[in-house]
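Right, one structure below, let's go through it.
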Amino acid sequence: MTTSPFRVLVVCHGNISRSPTAQHLLCAALDERFQIASAGVGAYMVAGRPVDPMMAALLEDRDIDVTGHAARQLDRSIINDAELILTMERKQRSWIAEETPRAISHTFTLKEFARLCVAVRDTHPASISALIHAAATNRAVYPPDNNTDDDIADPYHRPTHAYTTALDEIQAAINQIAPELLRHAKLRSKLARNPFADFVITPKSEN
């Protein structure tokens with residue numbers, strides 16, 4: 001049987017710092033049952049650019065190679081093909097909800113989804129879809145202490161410590177999310193159309 005991985009989309013503003021960082025860190029934390037892509041709600045201004053040099057250097061220190069990344073603009077076809085969408089800030093989540101209202105059921109900020117994955121763990125979801133559904137239906141039950149707690153600030157054109165903070169917050173969230181995704185992962189029948197194809201990172205098998 002031909003199968004396809006579970007499709008995760010990571011979104012920030014320009015797709016040159018935070019979202020490619022999360023994309024590559026998720027790739028490092030997950031396996032071949034996943035495809036991870038990224039895009040930006042305002043990337044039309046920087047389309048085709050590589051990862052911000054400051055963030056690329058910090059990632060290189062962690063043995064993450066982002067060579068070959070090219071920023072791209074988010075659009076409806078990319079949104080519609082994703083099964084889980086993780087944004088860096090609430091305003092990108094709102095942008096997606098306005099552009100494609102039905103996507104809100106599987107769209108979260110990265111830190112929001114990390115918090116909810118931990119919160120619903122004891123409900124024992126039977127699949128990733130069930131995990132996402134449990135997270136979505138429990139948003140109001142497990143709110144952040146402050147709304148801004150769900151955002152990862154854009155470090156672009158800011159001092160080095162802003163990049164380090166963003167990287168550390170992204171890594172911390174992924175450390176909570178990845179084990180839950182792996183625990184519930186399954187391969188499904190392949191879809192005929194896959195707009196992710198030219199932009200995904202698929203983790204390599206260890207076999």
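Simple scheme: letters A, B, ... for chains in structure tokens order, numbers from 1 for residues in each chain, numbers from 1 for ligands in the order shown.
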Could you make a table, as a tab-separated table, of the residues of range 150-189 of chain A that have an atom within 9 Å of an atom of range 16-32 of chain A, each with its nearest atom pair and distance in Å to one decimal, counting only C-alpha atoms, in chain and number order?
```
residue	atom	partner	partner_atom	distance
A:Ile152	CA	A:Arg18	CA	8.3
A:Ala153	CA	A:Arg18	CA	8.9
A:Asp154	CA	A:Arg18	CA	7.2
A:Pro155	CA	A:Ser17	CA	7.8
A:Tyr156	CA	A:Ser17	CA	7.2
A:Tyr163	CA	A:Ser17	CA	8.6
A:Ala166	CA	A:Arg18	CA	7.2
A:Leu167	CA	A:Thr21	CA	7.3
A:Ile170	CA	A:Ala22	CA	6.2
A:Gln171	CA	A:Leu25	CA	7.1
A:Ile174	CA	A:Leu26	CA	6.6
A:Asn175	CA	A:Ala29	CA	8.0
A:Ile177	CA	A:Leu26	CA	9.0
A:Ala178	CA	A:Ala29	CA	6.2
A:Pro179	CA	A:Leu30	CA	8.2
A:Leu181	CA	A:Leu30	CA	8.0
A:Leu182	CA	A:Leu30	CA	6.7
```
Those same residues, written as a PDB file, in the first residue's frame with N, CA and C atoms?
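Final file, part_31.pdb:
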```
ATOM      1  N   ILE A 152       5.733  33.587  20.426  1.00  0.00           N
ATOM      2  CA  ILE A 152       7.186  33.611  20.375  1.00  0.00           C
ATOM      3  C   ILE A 152       7.559  34.842  19.562  1.00  0.00           C
ATOM      4  N   ALA A 153       8.174  35.816  20.215  1.00  0.00           N
ATOM      5  CA  ALA A 153       8.443  37.114  19.591  1.00  0.00           C
ATOM      6  C   ALA A 153       9.396  36.995  18.407  1.00  0.00           C
ATOM      7  N   ASP A 154       9.158  37.812  17.408  1.00  0.00           N
ATOM      8  CA  ASP A 154       9.999  37.845  16.214  1.00  0.00           C
ATOM      9  C   ASP A 154      11.348  38.484  16.554  1.00  0.00           C
ATOM     10  N   PRO A 155      12.451  37.760  16.351  1.00  0.00           N
ATOM     11  CA  PRO A 155      13.765  38.328  16.684  1.00  0.00           C
ATOM     12  C   PRO A 155      14.387  39.148  15.561  1.00  0.00           C
ATOM     13  N   TYR A 156      13.742  39.180  14.399  1.00  0.00           N
ATOM     14  CA  TYR A 156      14.333  39.800  13.204  1.00  0.00           C
ATOM     15  C   TYR A 156      14.775  41.238  13.464  1.00  0.00           C
ATOM     16  N   TYR A 163      17.266  36.355  19.353  1.00  0.00           N
ATOM     17  CA  TYR A 163      17.312  35.121  18.560  1.00  0.00           C
ATOM     18  C   TYR A 163      17.478  33.907  19.464  1.00  0.00           C
ATOM     19  N   ALA A 166      14.178  33.203  21.218  1.00  0.00           N
ATOM     20  CA  ALA A 166      13.209  32.581  20.304  1.00  0.00           C
ATOM     21  C   ALA A 166      13.569  31.121  20.052  1.00  0.00           C
ATOM     22  N   LEU A 167      14.834  30.847  19.807  1.00  0.00           N
ATOM     23  CA  LEU A 167      15.281  29.473  19.561  1.00  0.00           C
ATOM     24  C   LEU A 167      15.012  28.591  20.773  1.00  0.00           C
ATOM     25  N   ILE A 170      11.255  27.897  21.078  1.00  0.00           N
ATOM     26  CA  ILE A 170      10.821  26.941  20.052  1.00  0.00           C
ATOM     27  C   ILE A 170      11.246  25.529  20.440  1.00  0.00           C
ATOM     28  N   GLN A 171      12.505  25.380  20.855  1.00  0.00           N
ATOM     29  CA  GLN A 171      13.003  24.054  21.243  1.00  0.00           C
ATOM     30  C   GLN A 171      12.225  23.485  22.420  1.00  0.00           C
ATOM     31  N   ILE A 174       8.845  22.221  21.239  1.00  0.00           N
ATOM     32  CA  ILE A 174       8.984  20.994  20.458  1.00  0.00           C
ATOM     33  C   ILE A 174       9.325  19.803  21.349  1.00  0.00           C
ATOM     34  N   ASN A 175      10.079  20.046  22.399  1.00  0.00           N
ATOM     35  CA  ASN A 175      10.394  18.966  23.340  1.00  0.00           C
ATOM     36  C   ASN A 175       9.132  18.387  23.987  1.00  0.00           C
ATOM     37  N   ILE A 177       5.968  18.672  22.343  1.00  0.00           N
ATOM     38  CA  ILE A 177       5.081  18.243  21.262  1.00  0.00           C
ATOM     39  C   ILE A 177       5.539  16.938  20.612  1.00  0.00           C
ATOM     40  N   ALA A 178       6.820  16.844  20.291  1.00  0.00           N
ATOM     41  CA  ALA A 178       7.318  15.718  19.497  1.00  0.00           C
ATOM     42  C   ALA A 178       7.016  14.351  20.106  1.00  0.00           C
ATOM     43  N   PRO A 179       7.227  14.140  21.414  1.00  0.00           N
ATOM     44  CA  PRO A 179       6.911  12.819  21.971  1.00  0.00           C
ATOM     45  C   PRO A 179       5.437  12.439  21.817  1.00  0.00           C
ATOM     46  N   LEU A 181       3.350  13.513  19.377  1.00  0.00           N
ATOM     47  CA  LEU A 181       3.099  13.187  17.971  1.00  0.00           C
ATOM     48  C   LEU A 181       3.639  11.806  17.626  1.00  0.00           C
ATOM     49  N   LEU A 182       4.826  11.490  18.084  1.00  0.00           N
ATOM     50  CA  LEU A 182       5.402  10.179  17.809  1.00  0.00           C
ATOM     51  C   LEU A 182       4.566   9.056  18.416  1.00  0.00           C
TER      52      LEU A 182
END
```
* Asked: Hey, which of A:His161, A:Arg33, A:Lys91, A:His184 ends up closest to Phe108 in chain A? Count only C-alpha atoms.
  ->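 Distance minimum relative to Phe108 in chain A lands on A:Lys91.
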* Enter the distance from CA of Ala136 in chain A to CA of His13 in chain A, in Å, rounded to one decimal. => 22.9 Å
* Structure fact -> As a check of understanding: the span from CA of His124 in chain A to CA of Gln176 in chain A is 15.6 Å
* When you draw a straight line from CA of Asp65 in chain A to CA of Asp168 in chain A, how long is it in Å? -> 16.9 Å
* Do you know which residues are at most 10 Å from Met45 in chain A counting only C-alpha atoms, after dropping those on the same chain fewer than 3 positions away, and could you put them as a ChimeraX atom specification? -> /A:13-14,40-42,48-49,71-73
* To do: Could you tell me, as an MDAnalysis selection string, which residues of chain A DSSP assigns to helix (DSSP H, G or I) when given the backbone?
  => chainID A and resid 18:29 43:45 53:61 76:81 90:99 101:106 110:119 121:123 128:137 147:150 160:184
* as a PyMOL selection string, list the residues of chain A assigned to strand (DSSP E or B) by DSSP on the backbone atoms of this structure. => chain A and resi 3-4+6-12+34-40+73+84-87+107-109+188-189+201
* **Neighbour list for Ser105 in chain A as a ChimeraX atom specification, cut-off 10 Å, only C-alpha atoms, skip fewer than 4 positions in-chain** => /A:83-85,97,101,132-133,135-137
Using only C-alpha atoms, which residues of range 44-118 of chain A come within 8 Å of range 6-12 of chain A, and what is the closest atom pair for each, with the distance in Å to one decimal? Give it as a Markdown table, sorted by chain and residue number.
```
| residue | atom | partner | partner_atom | distance |
| --- | --- | --- | --- | --- |
| A:Leu74 | CA | A:Val11 | CA | 8.0 |
| A:Ile79 | CA | A:Leu9 | CA | 7.9 |
| A:Asp81 | CA | A:Arg7 | CA | 7.6 |
| A:Ala82 | CA | A:Arg7 | CA | 5.4 |
| A:Glu83 | CA | A:Arg7 | CA | 5.4 |
| A:Leu84 | CA | A:Val8 | CA | 4.9 |
| A:Ile85 | CA | A:Leu9 | CA | 4.7 |
| A:Leu86 | CA | A:Val10 | CA | 4.8 |
| A:Thr87 | CA | A:Val11 | CA | 4.6 |
| A:Met88 | CA | A:Cys12 | CA | 5.3 |
| A:Glu89 | CA | A:Cys12 | CA | 7.2 |
| A:Gln92 | CA | A:Cys12 | CA | 6.6 |
```
* To do: Kindly indicate which residue among A:Arg139, A:Arg62, A:Lys111, A:His69 lies nearest to Ser38 in chain A, using only C-alpha atoms for the distances.
  =>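 Selected residue with least distance to Ser38 in chain A: A:His69.
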* Asked: Within 12 Å of Ala140 in chain A, counting only C-alpha atoms, which residues qualify if same-chain residues fewer than 4 places away don't, as a PyMOL selection string?
  -> chain A and resi 112+116+119+134-136+144-145+147
